[in-house]
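K.L.:
What follows is a single structure, and I will ask about it in a moment.
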Amino acid sequence: MSDAPAARPPLLEANGLAKFYADGNVQALRGVSIAVAPGEFLAITGPSGCGKSTLLHLLGGLDRPTEGEVRFRNQPLVGLDLDRYRAREVGFVFQSFHLLPTLSALENVQIPMFEGPIPRSQREPLASELLAEVGLSTRIRHRPAQLSIGERQRVAVARALANSPSLLLADEPTGNLDSKSQDEIIALLARLRGERGLTMVIVTHSPEVARAADRRFALKDGLAVDVSS
Amino acid sequence: MRFTTLIAKNVLHRPVRTALTALGLAIAISAVIVLVGISWNFERGFLAIYRSKGIDLILVRAGSTNQLSSSLDEGIETRLRKLDGVADVAPTLVDTVAFEDKNLAAVLVDGWRGGSLLFRGVRILEGRMLDPRDRDAILLGRILSLNLGAHSGEKLDVAGRTFQVVGVFESDSLFENGALIMPIETLQTMMGRENQVTGFVIKARSAETRDLDALRKRVEQAFPGTAASPARDYVTGDTQIRLSRAMAGTTALVAFFLGGVGMLNTMLMAIFERTRELGLLRAVGWRRRRVILLVLGESFALALVGSLLGCLLAVIGLRVLTLFPTAAGFIDPNLPPEVMPLALLMGVGLSLLGGTYPAIRAASLDPIQALRHE
Ligand SMILES: Nc1ncnc2c1ncn2[C@@H]1O[C@H](COP(=O)(O)OP(=O)(O)O)[C@@H](O)[C@H]1O
Ligand SMILES: [Mg+2]
């Protein structure tokens, strides 16, 4: 089902990532190494508190590792402009959506575009297209509070795609959803991946989500173990 | 969506807080522009006296910074008139009197010689002008007449002496409208300063700066111990003007900082309660610079509303203030137009004063911590 990572140069690579949190001497990660090929869908599972979010933050340039390095297109992240990396190369989806409550769906989707390559006149039409792509073309003027939980997460997915990133990172994207909405989000992500050739790394507790992935890693004792087979 | 739309939405999202903050800023800004406006008008009112009478130089005792503290010998007038370049000269003696029963603590008394150039720009509203032969006769400025309820043809006690009010006048200068004019000889007698004057006003043959400068030097040389100043310098050097400037400046500074603290409070509150949103912005790649612009933009929007509202309050407030008789004597109800840009400038200053720290704080949030924030 998937090529060996060595067959294609990886889009994203983690080498010996360790993360210590100074307060409380927590060692969240102890040496995680994974490589994600372009277009690949990777699921990361593990019990709560094992460091999944920490790993995703390191991959997404939201935090820096204590040891080891993350490489994107074979470039170490430490040498990159991280704001630019997050704005243009990475789309983030969070468990609790993090939509801006005062803005409509259409406006929320445009938030990352302030730092992206899209000229201003094209932002609104593009946001509108993205919302249609996630099946919300009739809800674009609604504010988050006026949308169902599942719809909110779809707005968040559309927002993650705002600057056409190559990489989608999602932290328990279905964790707050009922099972129907969960299925819809899984189907949506699978479809987007097919249509856009997105590379996805998804942290999940859900066996359904994990099953849809090309490869599955489990975090145990601060290390990542391939549990695909 | 425009960046400015985002700013506007954030500001309008909390209408009550926005309105209260803008109102606070408006009060601070209006206090400043009213005070500065009054002080500027005060200065301008003085200048208007000299300009409307065509007075070029003012001669007082050297070292006196205030009309009331100067004293010269009246006898130098004849020689002064003969100096080359002098077109006209008039002596003036100034004092203040109180009308306790009318709550007027310090009314300006001008001792002038009937028919002198000082009467230019003085228009008689009722009664007649002062005549050179008058002794116990006075003219009342329009506002003083109003405040005293005294009119031409009536008797009036001034500092223990009874005068006949021969006329009521109006002048281009607000100060003269609040003053009374009497023959200089009478004032000299009342003050026990026979043959003494406060100073002389001089009209020059040429008002060119170079000619005036030369005349100034000639006058000072001819009369050692005197100082001749162009009207403008004389006004800006006056102690009362300087005092009014200093008071306006100090109060303005205090109001400005109070406004700044109000702005700081509102903006800090705004970023604290939006910590998660700010974390999200950074997480999706917003640069620190853009977050700073967002917060400063919001404080600027507040300040802009405050400035406009402040101008409105100032205009209304000043009108209300001049309804009181004591204020009406020396406060012009019209603000000088130059204070409006000052209000805007203050708005910019306030948005920087109150917005900079919250903006920097917002920009330096750690996105992950901020997203976790409850
Ligand atoms: N900022 C932090 N400071 C200290 N400890 C932290 C911090 N963030 C996470 N941790 C700790 O690191 C471990 C991993 O956290 P996290 O990556 O959020 O786990 P998961 O997402 O798998 O639940 C946990 O024990 C958590 O308490
Ligand atoms: Mg987590």
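Following the order of the structure tokens, chains are lettered A, B, ..., residues in each are numbered from 1, and ligands are numbered from 1.
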Give me the residues within 9 Å of segment 4-13 of chain B as a ChimeraX atom specification, counting only C-alpha atoms and dropping any in the same chain fewer than 5 places off.

P.N.:
/A:102-103,107 /B:18,294-295,297-299,301-302

K.L.:
Keeping only N, CA, C and O atoms, write those residues as a PDB file, in the first residue's frame.

P.N.:
ATOM      1  N   THR A 102     -15.796  35.910  16.488  1.00  0.00           N
ATOM      2  CA  THR A 102     -16.442  37.106  15.938  1.00  0.00           C
ATOM      3  C   THR A 102     -16.534  37.070  14.422  1.00  0.00           C
ATOM      4  O   THR A 102     -17.218  37.896  13.824  1.00  0.00           O
ATOM      5  N   LEU A 103     -15.836  36.125  13.800  1.00  0.00           N
ATOM      6  CA  LEU A 103     -15.762  36.125  12.345  1.00  0.00           C
ATOM      7  C   LEU A 103     -16.653  35.049  11.741  1.00  0.00           C
ATOM      8  O   LEU A 103     -16.876  33.996  12.332  1.00  0.00           O
ATOM      9  N   GLU A 107     -14.698  34.473   6.761  1.00  0.00           N
ATOM     10  CA  GLU A 107     -13.596  35.294   7.274  1.00  0.00           C
ATOM     11  C   GLU A 107     -12.559  34.454   8.007  1.00  0.00           C
ATOM     12  O   GLU A 107     -11.351  34.692   7.898  1.00  0.00           O
TER      13      GLU A 107
ATOM     14  N   THR B  18     -15.988  49.373  24.272  1.00  0.00           N
ATOM     15  CA  THR B  18     -15.439  50.286  23.278  1.00  0.00           C
ATOM     16  C   THR B  18     -15.981  51.687  23.485  1.00  0.00           C
ATOM     17  O   THR B  18     -15.229  52.667  23.503  1.00  0.00           O
ATOM     18  N   LEU B 294      -2.075  44.476  14.514  1.00  0.00           N
ATOM     19  CA  LEU B 294      -3.486  44.241  14.837  1.00  0.00           C
ATOM     20  C   LEU B 294      -3.863  44.953  16.133  1.00  0.00           C
ATOM     21  O   LEU B 294      -4.848  45.684  16.191  1.00  0.00           O
ATOM     22  N   VAL B 295      -3.061  44.748  17.170  1.00  0.00           N
ATOM     23  CA  VAL B 295      -3.385  45.340  18.477  1.00  0.00           C
ATOM     24  C   VAL B 295      -3.267  46.869  18.413  1.00  0.00           C
ATOM     25  O   VAL B 295      -4.146  47.595  18.900  1.00  0.00           O
ATOM     26  N   GLY B 297      -3.583  48.626  15.798  1.00  0.00           N
ATOM     27  CA  GLY B 297      -4.691  49.073  14.950  1.00  0.00           C
ATOM     28  C   GLY B 297      -5.954  49.227  15.763  1.00  0.00           C
ATOM     29  O   GLY B 297      -6.704  50.194  15.601  1.00  0.00           O
ATOM     30  N   GLU B 298      -6.178  48.287  16.680  1.00  0.00           N
ATOM     31  CA  GLU B 298      -7.371  48.382  17.519  1.00  0.00           C
ATOM     32  C   GLU B 298      -7.284  49.580  18.449  1.00  0.00           C
ATOM     33  O   GLU B 298      -8.269  50.314  18.635  1.00  0.00           O
ATOM     34  N   SER B 299      -6.108  49.806  19.033  1.00  0.00           N
ATOM     35  CA  SER B 299      -6.000  50.957  19.937  1.00  0.00           C
ATOM     36  C   SER B 299      -6.113  52.249  19.140  1.00  0.00           C
ATOM     37  O   SER B 299      -6.681  53.239  19.614  1.00  0.00           O
ATOM     38  N   ALA B 301      -7.920  52.641  16.426  1.00  0.00           N
ATOM     39  CA  ALA B 301      -9.334  52.829  16.090  1.00  0.00           C
ATOM     40  C   ALA B 301     -10.087  53.447  17.270  1.00  0.00           C
ATOM     41  O   ALA B 301     -10.881  54.370  17.108  1.00  0.00           O
ATOM     42  N   LEU B 302      -9.796  52.943  18.467  1.00  0.00           N
ATOM     43  CA  LEU B 302     -10.415  53.512  19.671  1.00  0.00           C
ATOM     44  C   LEU B 302     -10.051  54.987  19.818  1.00  0.00           C
ATOM     45  O   LEU B 302     -10.900  55.832  20.115  1.00  0.00           O
TER      46      LEU B 302
END

K.L.:
Pick out the residues sitting within 7 Å of Leu56 of chain A, and hand them over as a PyMOL selection string; count only C-alpha atoms, and ignore anything fewer than 4 positions along from it in its own chain.

P.N.:
chain A and resi 52+60+169

K.L.:
Return the single residue from A:Val36, A:Ala224, A:Ala28, A:Ile149 that is closest to ligand 2, with distances computed using only C-alpha atoms and all ligand atoms.

P.N.:
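Selected residue with least distance to ligand 2: A:Ala28.
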
K.L.:
May I ask which of the residues B:Asp366, B:Asp101, B:Asp95, B:Asp233 is the closest one to ligand 1, counting only C-alpha atoms and all ligand atoms?

P.N.:
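Once distances to ligand 1 are computed over only C-alpha atoms and all ligand atoms, the minimum belongs to B:Asp366.
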
K.L.:
Set the distance at 9 Å and use only C-alpha atoms: which residues neighbour segment 121-127 of chain A once local chain neighbours fewer than 6 positions away are removed? I'd like the list as a PDB file with all heavy atoms, in the first residue's frame.

P.N.:
ATOM      1  N   ALA A 105     -17.577  32.117   8.865  1.00  0.00           N
ATOM      2  CA  ALA A 105     -16.796  31.016   8.307  1.00  0.00           C
ATOM      3  C   ALA A 105     -15.891  31.544   7.201  1.00  0.00           C
ATOM      4  O   ALA A 105     -14.696  31.247   7.148  1.00  0.00           O
ATOM      5  CB  ALA A 105     -17.732  29.942   7.768  1.00  0.00           C
ATOM      6  N   LEU A 106     -16.463  32.363   6.348  1.00  0.00           N
ATOM      7  CA  LEU A 106     -15.724  32.909   5.219  1.00  0.00           C
ATOM      8  C   LEU A 106     -14.506  33.717   5.686  1.00  0.00           C
ATOM      9  O   LEU A 106     -13.428  33.651   5.089  1.00  0.00           O
ATOM     10  CB  LEU A 106     -16.664  33.815   4.412  1.00  0.00           C
ATOM     11  CG  LEU A 106     -16.219  34.225   3.018  1.00  0.00           C
ATOM     12  CD1 LEU A 106     -16.046  33.004   2.127  1.00  0.00           C
ATOM     13  CD2 LEU A 106     -17.229  35.182   2.398  1.00  0.00           C
ATOM     14  N   GLU A 107     -14.698  34.473   6.761  1.00  0.00           N
ATOM     15  CA  GLU A 107     -13.596  35.294   7.274  1.00  0.00           C
ATOM     16  C   GLU A 107     -12.559  34.454   8.007  1.00  0.00           C
ATOM     17  O   GLU A 107     -11.351  34.692   7.898  1.00  0.00           O
ATOM     18  CB  GLU A 107     -14.154  36.386   8.193  1.00  0.00           C
ATOM     19  CG  GLU A 107     -14.948  37.434   7.424  1.00  0.00           C
ATOM     20  CD  GLU A 107     -15.853  38.284   8.308  1.00  0.00           C
ATOM     21  OE1 GLU A 107     -16.220  37.829   9.415  1.00  0.00           O
ATOM     22  OE2 GLU A 107     -16.193  39.392   7.881  1.00  0.00           O
ATOM     23  N   ASN A 108     -13.041  33.449   8.739  1.00  0.00           N
ATOM     24  CA  ASN A 108     -12.108  32.572   9.439  1.00  0.00           C
ATOM     25  C   ASN A 108     -11.144  31.902   8.467  1.00  0.00           C
ATOM     26  O   ASN A 108      -9.955  31.786   8.744  1.00  0.00           O
ATOM     27  CB  ASN A 108     -12.867  31.514  10.233  1.00  0.00           C
ATOM     28  CG  ASN A 108     -13.040  31.909  11.690  1.00  0.00           C
ATOM     29  OD1 ASN A 108     -12.071  31.950  12.444  1.00  0.00           O
ATOM     30  ND2 ASN A 108     -14.262  32.231  12.072  1.00  0.00           N
ATOM     31  N   VAL A 109     -11.678  31.470   7.328  1.00  0.00           N
ATOM     32  CA  VAL A 109     -10.837  30.770   6.361  1.00  0.00           C
ATOM     33  C   VAL A 109      -9.760  31.711   5.795  1.00  0.00           C
ATOM     34  O   VAL A 109      -8.681  31.284   5.414  1.00  0.00           O
ATOM     35  CB  VAL A 109     -11.710  30.177   5.232  1.00  0.00           C
ATOM     36  CG1 VAL A 109     -10.857  29.575   4.137  1.00  0.00           C
ATOM     37  CG2 VAL A 109     -12.645  29.120   5.803  1.00  0.00           C
ATOM     38  N   GLN A 110     -10.056  33.016   5.791  1.00  0.00           N
ATOM     39  CA  GLN A 110      -9.097  33.956   5.209  1.00  0.00           C
ATOM     40  C   GLN A 110      -7.965  34.354   6.152  1.00  0.00           C
ATOM     41  O   GLN A 110      -7.009  35.013   5.734  1.00  0.00           O
ATOM     42  CB  GLN A 110      -9.833  35.230   4.762  1.00  0.00           C
ATOM     43  CG  GLN A 110     -10.768  34.992   3.588  1.00  0.00           C
ATOM     44  CD  GLN A 110     -11.595  36.229   3.271  1.00  0.00           C
ATOM     45  OE1 GLN A 110     -11.068  37.249   2.849  1.00  0.00           O
ATOM     46  NE2 GLN A 110     -12.887  36.139   3.497  1.00  0.00           N
ATOM     47  N   MET A 113      -4.477  33.684   5.150  1.00  0.00           N
ATOM     48  CA  MET A 113      -4.125  34.286   3.850  1.00  0.00           C
ATOM     49  C   MET A 113      -3.406  35.618   4.018  1.00  0.00           C
ATOM     50  O   MET A 113      -2.748  36.076   3.092  1.00  0.00           O
ATOM     51  CB  MET A 113      -5.382  34.484   3.001  1.00  0.00           C
ATOM     52  CG  MET A 113      -6.058  33.172   2.605  1.00  0.00           C
ATOM     53  SD  MET A 113      -7.496  33.503   1.562  1.00  0.00           S
ATOM     54  CE  MET A 113      -8.224  31.877   1.450  1.00  0.00           C
ATOM     55  N   ILE A 140     -21.507  29.958   4.568  1.00  0.00           N
ATOM     56  CA  ILE A 140     -20.283  30.767   4.625  1.00  0.00           C
ATOM     57  C   ILE A 140     -20.422  32.032   5.473  1.00  0.00           C
ATOM     58  O   ILE A 140     -19.451  32.532   5.998  1.00  0.00           O
ATOM     59  CB  ILE A 140     -19.773  31.136   3.212  1.00  0.00           C
ATOM     60  CG1 ILE A 140     -20.810  31.958   2.451  1.00  0.00           C
ATOM     61  CG2 ILE A 140     -19.418  29.892   2.416  1.00  0.00           C
ATOM     62  CD1 ILE A 140     -20.277  32.470   1.124  1.00  0.00           C
ATOM     63  N   ALA A 158     -10.990  23.795   6.143  1.00  0.00           N
ATOM     64  CA  ALA A 158     -10.889  24.731   5.017  1.00  0.00           C
ATOM     65  C   ALA A 158      -9.830  25.784   5.315  1.00  0.00           C
ATOM     66  O   ALA A 158      -9.050  26.172   4.439  1.00  0.00           O
ATOM     67  CB  ALA A 158     -12.239  25.384   4.748  1.00  0.00           C
ATOM     68  N   ARG A 159      -9.801  26.254   6.566  1.00  0.00           N
ATOM     69  CA  ARG A 159      -8.807  27.262   6.938  1.00  0.00           C
ATOM     70  C   ARG A 159      -7.388  26.700   6.810  1.00  0.00           C
ATOM     71  O   ARG A 159      -6.472  27.383   6.374  1.00  0.00           O
ATOM     72  CB  ARG A 159      -9.041  27.740   8.377  1.00  0.00           C
ATOM     73  CG  ARG A 159      -8.004  28.758   8.841  1.00  0.00           C
ATOM     74  CD  ARG A 159      -8.214  29.154  10.295  1.00  0.00           C
ATOM     75  NE  ARG A 159      -8.040  28.027  11.183  1.00  0.00           N
ATOM     76  CZ  ARG A 159      -8.385  28.009  12.460  1.00  0.00           C
ATOM     77  NH1 ARG A 159      -8.952  29.078  12.991  1.00  0.00           N
ATOM     78  NH2 ARG A 159      -8.190  26.945  13.201  1.00  0.00           N
ATOM     79  N   ALA A 162      -5.967  27.063   3.432  1.00  0.00           N
ATOM     80  CA  ALA A 162      -6.055  28.414   2.859  1.00  0.00           C
ATOM     81  C   ALA A 162      -4.904  28.754   1.927  1.00  0.00           C
ATOM     82  O   ALA A 162      -5.108  29.300   0.847  1.00  0.00           O
ATOM     83  CB  ALA A 162      -6.154  29.453   3.971  1.00  0.00           C
TER      84      ALA A 162
ATOM     85  N   MET B   1     -11.139  39.593   2.950  1.00  0.00           N
ATOM     86  CA  MET B   1     -11.304  40.457   4.111  1.00  0.00           C
ATOM     87  C   MET B   1     -10.076  41.352   4.265  1.00  0.00           C
ATOM     88  O   MET B   1      -8.946  40.917   4.156  1.00  0.00           O
ATOM     89  CB  MET B   1     -11.457  39.582   5.366  1.00  0.00           C
ATOM     90  CG  MET B   1     -11.586  40.380   6.633  1.00  0.00           C
ATOM     91  SD  MET B   1     -11.871  39.364   8.118  1.00  0.00           S
ATOM     92  CE  MET B   1     -10.685  38.067   7.912  1.00  0.00           C
TER      93      MET B   1
END

K.L.:
Any chance you could tabulate, as CSV, the residues of chain B at most 12 Å from ligand 1 with each one's nearest atom pair and distance in Å to one decimal, using only C-alpha atoms and all ligand atoms, in chain and rising number order?

P.N.:
residue,atom,partner,partner_atom_place_in_ligand_line,distance
B:Asp366,CA,ligand 1,1 (N),9.8
B:Pro367,CA,ligand 1,1 (N),10.8
B:Ile368,CA,ligand 1,1 (N),7.8
B:Gln369,CA,ligand 1,1 (N),6.6
B:Ala370,CA,ligand 1,1 (N),10.4
B:Leu371,CA,ligand 1,1 (N),11.1
B:Arg372,CA,ligand 1,1 (N),9.2
B:His373,CA,ligand 1,1 (N),11.2

K.L.:
Expressed in Å to a single decimal, how great is the separation between atom CA of Pro15 of chain B and atom CA of Leu100 of chain A?

P.N.:
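Here the two named atoms are 17.4 Å from each other.
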
K.L.:
Go through chain B residue by residue and, counting only C-alpha atoms, keep those with an atom at most 6 Å from chain A; for each kept residue give the shortest atom pair and its distance in Å to one decimal, ordered by chain and increasing number, as CSV.

P.N.:
residue,atom,partner,partner_atom,distance
B:Val284,CA,A:Ala87,CA,5.4
B:Gly285,CA,A:Ala87,CA,4.0
B:Arg287,CA,A:Asp83,CA,5.9

K.L.:
Run DSSP on the backbone and grab whatever in segment 113-329 of chain B lands in strand (DSSP E or B); send it over as a ChimeraX atom specification.

P.N.:
/B:122-127,137-141,155-158,161-171,180-183,196-197,199-204,226-230

K.L.:
Find the residues near Ser171 of chain B: any atom within 10 Å, counting only C-alpha atoms, skip ones fewer than 2 places away on the same chain, and give them as a PyMOL selection string.

P.N.:
chain B and resi 48-49+52+119-124+141-142+169+173-178

K.L.:
With all heavy atoms retained, could you export that selection as a short mmCIF file (atom, residue, chain, number, x, y, z; two decimals), in the first residue's frame?

P.N.:
data_model
loop_
_atom_site.label_atom_id
_atom_site.label_comp_id
_atom_site.auth_asym_id
_atom_site.auth_seq_id
_atom_site.Cartn_x
_atom_site.Cartn_y
_atom_site.Cartn_z
N ALA B 48 -4.40 90.57 19.49
CA ALA B 48 -5.43 91.30 18.74
C ALA B 48 -5.51 92.75 19.20
O ALA B 48 -5.74 93.66 18.41
CB ALA B 48 -6.79 90.62 18.92
N ILE B 49 -5.29 92.97 20.50
CA ILE B 49 -5.32 94.34 21.03
C ILE B 49 -4.34 95.19 20.24
O ILE B 49 -4.68 96.25 19.72
CB ILE B 49 -4.90 94.37 22.52
CG1 ILE B 49 -5.84 93.53 23.35
CG2 ILE B 49 -4.83 95.80 23.02
CD1 ILE B 49 -5.51 93.55 24.83
N SER B 52 -5.10 95.42 16.23
CA SER B 52 -6.22 96.24 15.79
C SER B 52 -5.94 97.72 16.01
O SER B 52 -6.53 98.57 15.36
CB SER B 52 -7.50 95.81 16.49
OG SER B 52 -7.43 96.16 17.84
N PHE B 119 -7.63 104.00 21.54
CA PHE B 119 -9.09 103.86 21.38
C PHE B 119 -9.49 103.27 20.03
O PHE B 119 -10.66 103.06 19.76
CB PHE B 119 -9.78 105.22 21.58
CG PHE B 119 -9.93 105.56 23.03
CD1 PHE B 119 -9.01 106.39 23.66
CD2 PHE B 119 -10.98 105.03 23.77
CE1 PHE B 119 -9.15 106.69 25.00
CE2 PHE B 119 -11.11 105.33 25.11
CZ PHE B 119 -10.18 106.16 25.73
N ARG B 120 -8.47 103.03 19.20
CA ARG B 120 -8.80 102.40 17.91
C ARG B 120 -9.33 100.98 18.15
O ARG B 120 -8.84 100.27 19.03
CB ARG B 120 -7.55 102.30 17.05
CG ARG B 120 -7.37 103.56 16.25
CD ARG B 120 -6.73 103.20 14.93
NE ARG B 120 -5.49 103.93 14.82
CZ ARG B 120 -4.49 103.55 14.05
NH1 ARG B 120 -4.57 102.43 13.37
NH2 ARG B 120 -3.42 104.29 13.98
N GLY B 121 -10.29 100.59 17.39
CA GLY B 121 -10.86 99.24 17.55
C GLY B 121 -11.83 99.18 18.71
O GLY B 121 -12.32 98.13 19.06
N VAL B 122 -12.08 100.33 19.36
CA VAL B 122 -13.07 100.36 20.44
C VAL B 122 -14.34 100.97 19.87
O VAL B 122 -14.35 102.13 19.46
CB VAL B 122 -12.54 101.21 21.63
CG1 VAL B 122 -13.65 101.48 22.63
CG2 VAL B 122 -11.38 100.49 22.31
N ARG B 123 -15.41 100.17 19.80
CA ARG B 123 -16.67 100.66 19.22
C ARG B 123 -17.68 100.91 20.34
O ARG B 123 -17.88 100.05 21.19
CB ARG B 123 -17.21 99.61 18.24
CG ARG B 123 -16.31 99.37 17.06
CD ARG B 123 -16.88 98.29 16.16
NE ARG B 123 -16.92 96.98 16.82
CZ ARG B 123 -15.85 96.18 16.91
NH1 ARG B 123 -14.69 96.53 16.39
NH2 ARG B 123 -15.96 95.03 17.51
N ILE B 124 -18.28 102.09 20.30
CA ILE B 124 -19.25 102.46 21.34
C ILE B 124 -20.60 101.79 21.04
O ILE B 124 -21.12 101.89 19.93
CB ILE B 124 -19.43 103.99 21.40
CG1 ILE B 124 -18.15 104.65 21.90
CG2 ILE B 124 -20.61 104.37 22.30
CD1 ILE B 124 -17.75 104.24 23.32
N GLY B 141 -16.45 97.81 29.29
CA GLY B 141 -16.45 96.81 28.22
C GLY B 141 -17.80 96.10 28.21
O GLY B 141 -18.50 96.02 29.23
N ARG B 142 -18.17 95.57 27.05
CA ARG B 142 -19.48 94.95 26.87
C ARG B 142 -19.77 93.88 27.93
O ARG B 142 -20.83 93.85 28.55
CB ARG B 142 -19.55 94.33 25.47
CG ARG B 142 -20.88 93.67 25.13
CD ARG B 142 -20.87 93.18 23.70
NE ARG B 142 -19.84 92.17 23.45
CZ ARG B 142 -19.98 90.88 23.76
NH1 ARG B 142 -21.09 90.46 24.33
NH2 ARG B 142 -19.02 90.03 23.50
N PHE B 169 -18.63 99.82 25.52
CA PHE B 169 -17.96 99.61 24.25
C PHE B 169 -17.73 98.13 23.97
O PHE B 169 -17.81 97.29 24.87
CB PHE B 169 -16.62 100.35 24.21
CG PHE B 169 -15.59 99.75 25.15
CD1 PHE B 169 -14.71 98.77 24.71
CD2 PHE B 169 -15.52 100.15 26.49
CE1 PHE B 169 -13.78 98.22 25.57
CE2 PHE B 169 -14.60 99.60 27.35
CZ PHE B 169 -13.72 98.63 26.90
N SER B 173 -10.74 92.70 21.09
CA SER B 173 -10.09 91.86 22.08
C SER B 173 -11.04 91.53 23.21
O SER B 173 -11.69 92.39 23.79
CB SER B 173 -8.88 92.58 22.67
OG SER B 173 -8.57 91.99 23.90
N LEU B 174 -11.09 90.25 23.49
CA LEU B 174 -11.94 89.76 24.55
C LEU B 174 -11.57 90.39 25.88
O LEU B 174 -12.44 90.63 26.72
CB LEU B 174 -11.73 88.25 24.62
CG LEU B 174 -12.85 87.43 25.15
CD1 LEU B 174 -14.09 87.65 24.32
CD2 LEU B 174 -12.44 85.96 25.09
N PHE B 175 -10.29 90.69 26.08
CA PHE B 175 -9.86 91.21 27.39
C PHE B 175 -10.41 92.60 27.61
O PHE B 175 -10.82 92.95 28.70
CB PHE B 175 -8.34 91.23 27.46
CG PHE B 175 -7.77 89.88 27.28
CD1 PHE B 175 -7.10 89.53 26.12
CD2 PHE B 175 -7.96 88.92 28.26
CE1 PHE B 175 -6.62 88.26 25.96
CE2 PHE B 175 -7.48 87.64 28.09
CZ PHE B 175 -6.80 87.32 26.93
N GLU B 176 -10.39 93.40 26.56
CA GLU B 176 -10.93 94.75 26.71
C GLU B 176 -12.43 94.71 26.94
O GLU B 176 -12.97 95.55 27.65
CB GLU B 176 -10.58 95.59 25.48
CG GLU B 176 -9.09 95.91 25.46
CD GLU B 176 -8.69 96.85 24.34
OE1 GLU B 176 -9.51 97.13 23.45
OE2 GLU B 176 -7.53 97.28 24.36
N ASN B 177 -13.09 93.72 26.38
CA ASN B 177 -14.53 93.60 26.60
C ASN B 177 -14.86 93.34 28.06
O ASN B 177 -15.95 93.59 28.52
CB ASN B 177 -15.12 92.49 25.73
CG ASN B 177 -15.18 92.89 24.28
OD1 ASN B 177 -15.25 94.08 23.97
ND2 ASN B 177 -15.15 91.92 23.39
N GLY B 178 -13.87 92.79 28.79
CA GLY B 178 -14.08 92.53 30.21
C GLY B 178 -13.48 93.61 31.09
O GLY B 178 -13.42 93.46 32.31
#

K.L.:
Extract, using only C-alpha atoms, all DNA, RNA and protein residues at most 9 Å from segment 188-202 of chain B, discarding same-chain residues fewer than 3 positions from it, and format them as number ranges by chain.

P.N.:
B: 50, 54-61, 67-75, 77, 80-81, 86-95, 111, 117-118, 159, 161, 183-185

K.L.:
Keeping only C-alpha atoms, take the residues you just selected and write them out as a tab-separated table (two decimals), in the first residue's frame.

P.N.:
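Output file again-v6.tsv follows:
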chain	number	residue	atom	x	y	z
B	50	TYR	CA	-2.08	95.48	19.51
B	54	GLY	CA	-1.76	99.28	14.81
B	55	ILE	CA	0.68	99.17	17.71
B	56	ASP	CA	4.18	98.09	16.68
B	57	LEU	CA	6.29	98.50	19.80
B	58	ILE	CA	5.62	98.42	23.51
B	59	LEU	CA	7.89	100.36	25.80
B	60	VAL	CA	8.11	99.34	29.45
B	61	ARG	CA	10.69	99.39	32.22
B	67	GLN	CA	2.36	95.24	32.50
B	68	LEU	CA	1.35	95.61	36.11
B	69	SER	CA	4.91	95.67	37.39
B	70	SER	CA	6.31	98.27	35.01
B	71	SER	CA	6.65	101.96	35.72
B	72	LEU	CA	7.98	104.83	33.58
B	73	ASP	CA	8.01	108.61	33.84
B	74	GLU	CA	5.23	110.17	31.82
B	75	GLY	CA	7.53	113.06	30.89
B	77	GLU	CA	6.58	111.14	25.96
B	80	LEU	CA	9.69	109.83	22.39
B	81	ARG	CA	7.41	111.48	19.84
B	86	VAL	CA	7.90	107.20	15.50
B	87	ALA	CA	4.45	107.91	14.05
B	88	ASP	CA	2.36	108.03	17.22
B	89	VAL	CA	2.68	107.38	20.95
B	90	ALA	CA	0.18	106.80	23.74
B	91	PRO	CA	0.78	106.40	27.46
B	92	THR	CA	-1.01	103.68	29.35
B	93	LEU	CA	-1.48	102.90	33.01
B	94	VAL	CA	-2.91	99.56	34.05
B	95	ASP	CA	-4.38	98.34	37.31
B	111	GLY	CA	-5.96	104.35	32.15
B	117	LEU	CA	-4.50	105.71	19.45
B	118	LEU	CA	-5.44	103.13	22.09
B	159	ALA	CA	-12.36	101.31	44.40
B	161	ARG	CA	-14.64	106.55	44.07
B	183	PRO	CA	-8.85	108.84	32.01
B	184	ILE	CA	-5.20	108.19	32.77
B	185	GLU	CA	-4.94	111.24	35.06

K.L.:
Just want the 12 Å neighbourhood of Phe72 of chain A, counted on only C-alpha atoms, with same-chain residues fewer than 5 positions away dropped. Output as number ranges by chain.

P.N.:
A: 9-15, 35-38, 58-61, 77-82, 85-86, 89-90, 166-167, 199

K.L.:
Where does chain A meet ligand 2 within 12 Å, residue by residue, with the nearest atom pair and distance in Å to one decimal for each, counting only C-alpha atoms and all ligand atoms, listed by chain and rising number, as CSV?

P.N.:
residue,atom,partner,partner_atom_place_in_ligand_line,distance
A:Ala28,CA,ligand 2,1 (Mg),11.2
A:Ile44,CA,ligand 2,1 (Mg),10.9
A:Thr45,CA,ligand 2,1 (Mg),10.3
A:Gly46,CA,ligand 2,1 (Mg),9.8
A:Pro47,CA,ligand 2,1 (Mg),9.3
A:Ser48,CA,ligand 2,1 (Mg),6.7
A:Gly49,CA,ligand 2,1 (Mg),6.7
A:Cys50,CA,ligand 2,1 (Mg),8.2
A:Gly51,CA,ligand 2,1 (Mg),7.0
A:Lys52,CA,ligand 2,1 (Mg),5.6
A:Ser53,CA,ligand 2,1 (Mg),4.1
A:Thr54,CA,ligand 2,1 (Mg),7.3
A:Leu55,CA,ligand 2,1 (Mg),9.3
A:Leu56,CA,ligand 2,1 (Mg),8.9
A:His57,CA,ligand 2,1 (Mg),9.9
A:Phe94,CA,ligand 2,1 (Mg),9.4
A:Gln95,CA,ligand 2,1 (Mg),8.4
A:Ser96,CA,ligand 2,1 (Mg),10.8
A:Ala170,CA,ligand 2,1 (Mg),10.4
A:Asp171,CA,ligand 2,1 (Mg),6.6
A:Glu172,CA,ligand 2,1 (Mg),7.3
A:Pro173,CA,ligand 2,1 (Mg),10.5
A:Gly175,CA,ligand 2,1 (Mg),10.0
A:Ile202,CA,ligand 2,1 (Mg),11.2
A:Val203,CA,ligand 2,1 (Mg),8.0
A:Thr204,CA,ligand 2,1 (Mg),9.0
A:His205,CA,ligand 2,1 (Mg),10.1
A:Leu219,CA,ligand 2,1 (Mg),11.9
